[in-house]
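Visitor: Input upload-v8.pdb, format and content: PDB, C-alpha atoms.
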```pdb
MODEL        1
ATOM      1  CA  MET D1301     262.188 218.757 -75.259
ATOM      2  CA  ARG D1302     258.807 220.012 -76.350
ATOM      3  CA  GLY D1303     258.500 223.746 -76.884
ATOM      4  CA  ARG D1304     262.245 224.268 -77.102
ATOM      5  CA  ARG D1305     263.627 226.106 -80.096
ATOM      6  CA  LEU D1306     267.174 226.553 -81.261
ATOM      7  CA  GLY D1307     268.689 230.006 -81.149
ATOM      8  CA  TYR D1308     267.702 232.806 -78.861
ATOM      9  CA  ASN D1309     263.896 232.584 -78.897
ATOM     10  CA  VAL D1310     262.094 230.535 -76.268
ATOM     11  CA  THR D1311     258.483 229.419 -76.535
ATOM     12  CA  MET D1312     256.864 229.653 -73.130
ATOM     13  CA  SER D1313     254.746 226.490 -73.015
ATOM     14  CA  LYS D1314     252.966 223.759 -74.913
ATOM     15  CA  PRO D1315     250.109 224.995 -77.120
ATOM     16  CA  SER D1316     246.781 225.170 -75.328
ATOM     17  CA  ALA D1317     243.335 226.416 -76.224
ATOM     18  CA  LYS D1318     243.280 228.539 -73.044
ATOM     19  CA  ARG D1319     246.792 230.011 -73.146
ATOM     20  CA  ARG D1320     248.431 232.507 -75.441
ATOM     21  CA  LEU D1321     251.935 231.636 -76.504
ATOM     22  CA  ARG D1322     254.532 234.350 -76.077
ATOM     23  CA  GLN D1323     258.060 234.270 -77.417
ATOM     24  CA  PHE D1324     260.964 235.939 -75.670
ATOM     25  CA  THR D1325     264.499 236.542 -76.785
ATOM     26  CA  VAL D1326     266.889 234.843 -74.367
ATOM     27  CA  VAL D1327     270.590 235.703 -74.325
ATOM     28  CA  ILE D1328     272.767 232.807 -73.185
ATOM     29  CA  GLU D1329     276.365 233.369 -72.141
ATOM     30  CA  GLN D1330     278.944 231.232 -70.360
ATOM     31  CA  ASP D1331     280.718 232.686 -67.316
ATOM     32  CA  GLU D1332     284.332 232.133 -66.251
ATOM     33  CA  ASP D1333     283.308 229.186 -64.040
ATOM     34  CA  GLY D1334     281.610 227.393 -66.953
ATOM     35  CA  TYR D1335     278.009 228.110 -65.901
ATOM     36  CA  TYR D1336     275.494 229.092 -68.569
ATOM     37  CA  VAL D1337     273.710 232.342 -67.731
ATOM     38  CA  ALA D1338     270.420 233.143 -69.474
ATOM     39  CA  SER D1339     268.779 236.569 -69.412
ATOM     40  CA  VAL D1340     265.672 238.026 -71.040
ATOM     41  CA  PRO D1341     266.346 241.585 -72.279
ATOM     42  CA  SER D1342     262.650 242.550 -72.402
ATOM     43  CA  LEU D1343     262.088 241.559 -68.742
ATOM     44  CA  PRO D1344     264.274 243.445 -66.257
ATOM     45  CA  SER D1345     265.876 241.211 -63.595
ATOM     46  CA  CYS D1346     264.833 238.057 -65.466
ATOM     47  CA  TYR D1347     267.817 235.715 -65.482
ATOM     48  CA  THR D1348     269.006 232.324 -64.245
ATOM     49  CA  GLN D1349     271.997 230.027 -64.516
ATOM     50  CA  ALA D1350     272.812 226.325 -64.795
ATOM     51  CA  ARG D1351     275.760 224.064 -65.337
ATOM     52  CA  THR D1352     274.349 222.644 -68.607
ATOM     53  CA  LEU D1353     272.105 223.913 -71.405
ATOM     54  CA  GLU D1354     269.683 221.053 -70.695
ATOM     55  CA  GLU D1355     269.267 222.315 -67.109
ATOM     56  CA  LEU D1356     269.005 225.912 -68.293
ATOM     57  CA  ALA D1357     265.982 225.506 -70.610
ATOM     58  CA  PRO D1358     263.353 224.662 -67.949
ATOM     59  CA  ARG D1359     264.845 227.170 -65.525
ATOM     60  CA  ILE D1360     264.544 230.110 -67.914
ATOM     61  CA  ARG D1361     260.934 229.146 -68.678
ATOM     62  CA  GLU D1362     260.167 229.094 -64.960
ATOM     63  CA  VAL D1363     261.847 232.465 -64.399
ATOM     64  CA  ILE D1364     259.979 234.025 -67.341
ATOM     65  CA  ALA D1365     256.676 232.809 -65.882
ATOM     66  CA  LEU D1366     257.588 234.278 -62.484
ATOM     67  CA  CYS D1367     258.596 237.605 -64.033
ATOM     68  CA  LEU D1368     255.361 237.754 -66.048
ATOM     69  CA  ALA D1369     253.369 237.227 -62.850
ATOM     70  CA  GLU D1370     254.895 240.476 -61.550
ATOM     71  CA  GLN D1371     255.118 242.593 -64.709
ATOM     72  CA  ASP D1372     253.969 242.716 -68.313
ATOM     73  CA  ALA D1373     256.528 242.446 -71.088
ATOM     74  CA  PRO D1374     256.525 244.714 -74.109
ATOM     75  CA  ARG D1375     256.134 242.972 -77.457
ATOM     76  CA  MET D1376     259.549 243.095 -79.063
ATOM     77  CA  LYS D1377     260.952 241.520 -82.217
ATOM     78  CA  PHE D1378     264.460 240.058 -82.229
ATOM     79  CA  VAL D1379     266.576 241.896 -84.783
ATOM     80  CA  ALA D1380     270.254 241.131 -84.159
ATOM     81  CA  LEU D1381     272.884 240.154 -81.669
ATOM     82  CA  GLU D1382     276.318 241.668 -81.866
ATOM     83  CA  GLN D1383     279.536 241.372 -79.856
ATOM     84  CA  VAL D1384     281.445 244.629 -79.472
ATOM     85  CA  GLU D1385     285.045 244.834 -78.365
ATOM     86  CA  VAL D1386     286.304 247.849 -76.379
ATOM     87  CA  SER D1387     289.522 248.536 -74.534
ATOM     88  CA  ALA D1388     289.083 248.644 -70.779
TER      89      ALA D1388
ENDMDL
END
```
Please render this file's structure as structure tokens.
Guide:
Amino acid sequence: MRGRRLGYNVTMSKPSAKRRLRQFTVVIEQDEDGYYVASVPSLPSCYTQARTLEELAPRIREVIALCLAEQDAPRMKFVALEQVEVSA
């Protein structure tokens, strides 16, 4: 798939002379029903889900575009991802 990168960064679209490319950190988790859930920490309420990772990639791009139509995203640099365990 063109524009897709491994890891947590997603490139928004194919390069174009008229468009700026923006990269967003996307967190992908799997819920108890087996669905993959993708969220974009720098864009509040920007998330989607799919049964497979192949279905998830175009969906998160679409959701990012929709979120950007409503709000601007701060420029952030991905630093780390950590899992923390706590007793509940």
Visitor: Which value, in Å to one decimal, gives the distance between CA of Ser1339 (chain D) and CA of Ile1360 (chain D)?
Guide: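 CA of Ile1360 (chain D) lies at a distance of 7.9 Å from CA of Ser1339 (chain D).
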Visitor: Would you compute the distance between CA of Ile1364 (chain D) and CA of Asp1331 (chain D)? Give it in Å to one decimal.
Guide: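 Separation between CA of Ile1364 (chain D) and CA of Asp1331 (chain D): 20.8 Å.
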Visitor: How far is it from CA of Lys1377 (chain D) to CA of Val1363 (chain D), in Å with one decimal?
Guide: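 Value for the CA of Lys1377 (chain D)-CA of Val1363 (chain D) distance: 20.0 Å.
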Visitor: Between D:Val1379, D:Ala1388, D:Leu1353, D:Val1327, which one has atoms that come closest to Pro1341 (chain D), using all atoms listed in the file?
Guide: D:Val1327
Visitor: Would you kindly return, as a list in words, each protein, DNA or RNA residue with an atom no farther than 7 Å from any atom of Gln1349 (chain D), considering only C-alpha atoms and excluding same-chain residues fewer than 2 positions away?
Guide: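 Surrounding residues, per the criterion: Tyr1335, Tyr1336, Val1337, Ala1338 and Leu1356 of chain D.
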Visitor: Have a look at D:Leu1343, D:Arg1351, D:Val1384, D:Arg1359 and name the one nearest to Gln1371 (chain D); count all atoms listed in the file.
Guide: D:Leu1343
Visitor: Can you give me, as a list in words, the residues this file yields under the PyMOL selection byres ((chain D and resi 1365) around 12)?
Guide: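 After applying the PyMOL selection byres ((chain D and resi 1365) around 12), what remains is Val1310, Thr1311, Met1312, Ser1313, Leu1321, Arg1322, Gln1323, Phe1324, Val1340, Leu1343, Cys1346, Tyr1347, Pro1358, Arg1359, Ile1360, Arg1361, Glu1362, Val1363, Ile1364, Leu1366, Cys1367, Leu1368, Ala1369, Glu1370, Gln1371, Asp1372 and Ala1373 of chain D.
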